[in-house]
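Chemist: I'd like to ask you about the structure that follows.
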Amino acid sequence: MKIIGLLVAVYVTGGNVPGVELVARNYMPLQECKAQAEKLNAMPSDEPIRDGKPVLMVRYACTVQDAGEVIEQAESLK
């Protein structure tokens with residue numbers, strides 16, 4: 001079983017409104033995804049406003065999925 005992930009940004013804006021935004025456009029090996037998330041989390045956030053509201057918090061994370069299941073889902077959409 002091969003585990004893959006997508007890099008996402010999890011954020012909270014003013015009024016405690018949560019959100020998730022896709023950062024990567026492609027799946028990648030989970031270890032690579034985690035390394036990118038750690039690198040981005042170590043850098044200061046340069047995004048003070050999102051959706052017209054002040055950003056209170058941004059953290060980067062990875063989804064976790066089985067590559068076989070993703071392939072099956074893609075095949076079923078054809």
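Every chain in the structure tokens takes a letter, A first, then B, and so on in the order presented; its residues are numbered from 1, and the ligands are numbered from 1 following the presented order.
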Considering only strand (DSSP E or B) as DSSP defines it on the backbone, what residues of chain A qualify? List them as a PDB file with C-alpha atoms, in the first residue's frame.

Modeler:
```pdb
ATOM      1  CA  ILE A   3       0.352   6.366   1.000  1.00  0.00           C
ATOM      2  CA  ILE A   4       0.179   9.727  -0.738  1.00  0.00           C
ATOM      3  CA  GLY A   5      -0.929  13.198   0.288  1.00  0.00           C
ATOM      4  CA  LEU A   7      -0.603  19.741   0.732  1.00  0.00           C
ATOM      5  CA  VAL A   8      -3.336  21.970   2.194  1.00  0.00           C
ATOM      6  CA  ALA A   9      -3.483  25.208   4.188  1.00  0.00           C
ATOM      7  CA  VAL A  10      -5.767  25.176   7.224  1.00  0.00           C
ATOM      8  CA  TYR A  11      -6.632  28.657   8.427  1.00  0.00           C
ATOM      9  CA  VAL A  12      -8.859  30.662  10.762  1.00  0.00           C
ATOM     10  CA  THR A  13      -9.952  34.192   9.934  1.00  0.00           C
ATOM     11  CA  VAL A  17     -14.192  31.230  10.593  1.00  0.00           C
ATOM     12  CA  PRO A  18     -12.216  28.100   9.641  1.00  0.00           C
ATOM     13  CA  GLY A  19     -11.183  27.194   6.120  1.00  0.00           C
ATOM     14  CA  VAL A  20      -9.067  24.793   4.116  1.00  0.00           C
ATOM     15  CA  GLU A  21      -7.381  25.594   0.824  1.00  0.00           C
ATOM     16  CA  LEU A  22      -5.591  23.241  -1.539  1.00  0.00           C
ATOM     17  CA  MET A  28       2.969  13.381  -3.699  1.00  0.00           C
ATOM     18  CA  PRO A  29       4.592  10.777  -1.451  1.00  0.00           C
ATOM     19  CA  ILE A  49      -6.070  39.023   4.928  1.00  0.00           C
ATOM     20  CA  ARG A  50      -8.084  36.163   3.420  1.00  0.00           C
ATOM     21  CA  LYS A  53     -11.007  39.094   6.941  1.00  0.00           C
ATOM     22  CA  PRO A  54      -7.837  39.175   9.044  1.00  0.00           C
ATOM     23  CA  VAL A  55      -6.025  35.839   9.250  1.00  0.00           C
ATOM     24  CA  LEU A  56      -5.661  34.666  12.844  1.00  0.00           C
ATOM     25  CA  MET A  57      -3.814  31.407  12.111  1.00  0.00           C
ATOM     26  CA  VAL A  58      -2.458  29.420   9.141  1.00  0.00           C
ATOM     27  CA  ARG A  59      -0.991  25.912   9.383  1.00  0.00           C
ATOM     28  CA  TYR A  60       0.000  23.612   6.563  1.00  0.00           C
ATOM     29  CA  ALA A  61      -0.849  19.908   6.632  1.00  0.00           C
ATOM     30  CA  CYS A  62      -1.177  16.876   4.380  1.00  0.00           C
ATOM     31  CA  GLN A  65      -4.788   8.657   1.155  1.00  0.00           C
ATOM     32  CA  ASP A  66      -4.052   5.218  -0.242  1.00  0.00           C
TER      33      ASP A  66
END
```

Chemist: Quick one: residues within 12 Å of Val70 (chain A), only C-alpha atoms, excluding same-chain residues fewer than 3 positions away - as a list of chain:residue names?

Modeler: A:Met1, A:Lys2, A:Ile3, A:Ile4, A:Gly5, A:Leu6, A:Asn26, A:Tyr27, A:Val64, A:Gln65, A:Asp66, A:Ala67, A:Gln73, A:Ala74, A:Glu75, A:Ser76, A:Leu77

Chemist: For the residues in the current selection, export N, CA and C atoms as a short mmCIF file (atom, residue, chain, number, x, y, z; two decimals), in the first residue's frame.

Modeler:
```
data_model
loop_
_atom_site.label_atom_id
_atom_site.label_comp_id
_atom_site.auth_asym_id
_atom_site.auth_seq_id
_atom_site.Cartn_x
_atom_site.Cartn_y
_atom_site.Cartn_z
N MET A 1 0.86 -1.18 0.00
CA MET A 1 0.00 0.00 0.00
C MET A 1 0.90 1.24 0.00
N LYS A 2 0.68 2.10 -0.96
CA LYS A 2 1.46 3.34 -1.05
C LYS A 2 0.58 4.49 -0.54
N ILE A 3 1.09 5.24 0.42
CA ILE A 3 0.35 6.37 1.00
C ILE A 3 0.83 7.66 0.35
N ILE A 4 -0.12 8.45 -0.10
CA ILE A 4 0.18 9.73 -0.74
C ILE A 4 -0.60 10.84 -0.04
N GLY A 5 -0.24 12.08 -0.35
CA GLY A 5 -0.93 13.20 0.29
C GLY A 5 -1.02 14.41 -0.61
N LEU A 6 -1.90 15.31 -0.25
CA LEU A 6 -2.03 16.61 -0.88
C LEU A 6 -1.73 17.66 0.17
N ASN A 26 -1.03 18.40 -7.14
CA ASN A 26 -0.79 16.98 -7.41
C ASN A 26 -0.52 16.23 -6.11
N TYR A 27 -0.90 14.95 -6.12
CA TYR A 27 -0.53 14.09 -5.00
C TYR A 27 0.97 13.90 -5.00
N VAL A 64 -4.08 12.35 3.85
CA VAL A 64 -3.47 11.02 3.81
C VAL A 64 -4.43 10.10 3.07
N GLN A 65 -3.94 9.54 1.95
CA GLN A 65 -4.79 8.66 1.15
C GLN A 65 -3.99 7.50 0.59
N ASP A 66 -4.65 6.39 0.38
CA ASP A 66 -4.05 5.22 -0.24
C ASP A 66 -4.05 5.45 -1.75
N ALA A 67 -2.89 5.31 -2.37
CA ALA A 67 -2.77 5.56 -3.82
C ALA A 67 -3.70 4.66 -4.62
N GLN A 73 -10.80 5.61 -7.79
CA GLN A 73 -11.75 6.72 -7.91
C GLN A 73 -11.61 7.41 -9.25
N ALA A 74 -10.37 7.63 -9.68
CA ALA A 74 -10.14 8.30 -10.95
C ALA A 74 -10.65 7.45 -12.12
N GLU A 75 -10.45 6.15 -12.04
CA GLU A 75 -10.92 5.24 -13.09
C GLU A 75 -12.45 5.23 -13.16
N SER A 76 -13.11 5.31 -12.02
CA SER A 76 -14.57 5.28 -12.02
C SER A 76 -15.18 6.56 -12.60
N LEU A 77 -14.40 7.63 -12.66
CA LEU A 77 -14.90 8.89 -13.22
C LEU A 77 -14.80 8.94 -14.74
#
```

Chemist: Just how far from CA of Leu40 (chain A) is CA of Thr63 (chain A), in Å to one decimal?

Modeler: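 Computed distance, CA of Thr63 (chain A) to CA of Leu40 (chain A), equals 15.4 Å.
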
Chemist: Just asking: which residues within chain A are helix (DSSP H, G or I) according to DSSP, as a list in words?

Modeler: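 The helix (DSSP H, G or I) subset of chain A is Leu30, Gln31, Glu32, Cys33, Lys34, Ala35, Gln36, Ala37, Glu38, Lys39, Leu40, Asn41, Ala42, Ala67, Gly68, Glu69, Val70, Ile71, Glu72, Gln73, Ala74, Glu75 and Ser76 of chain A.
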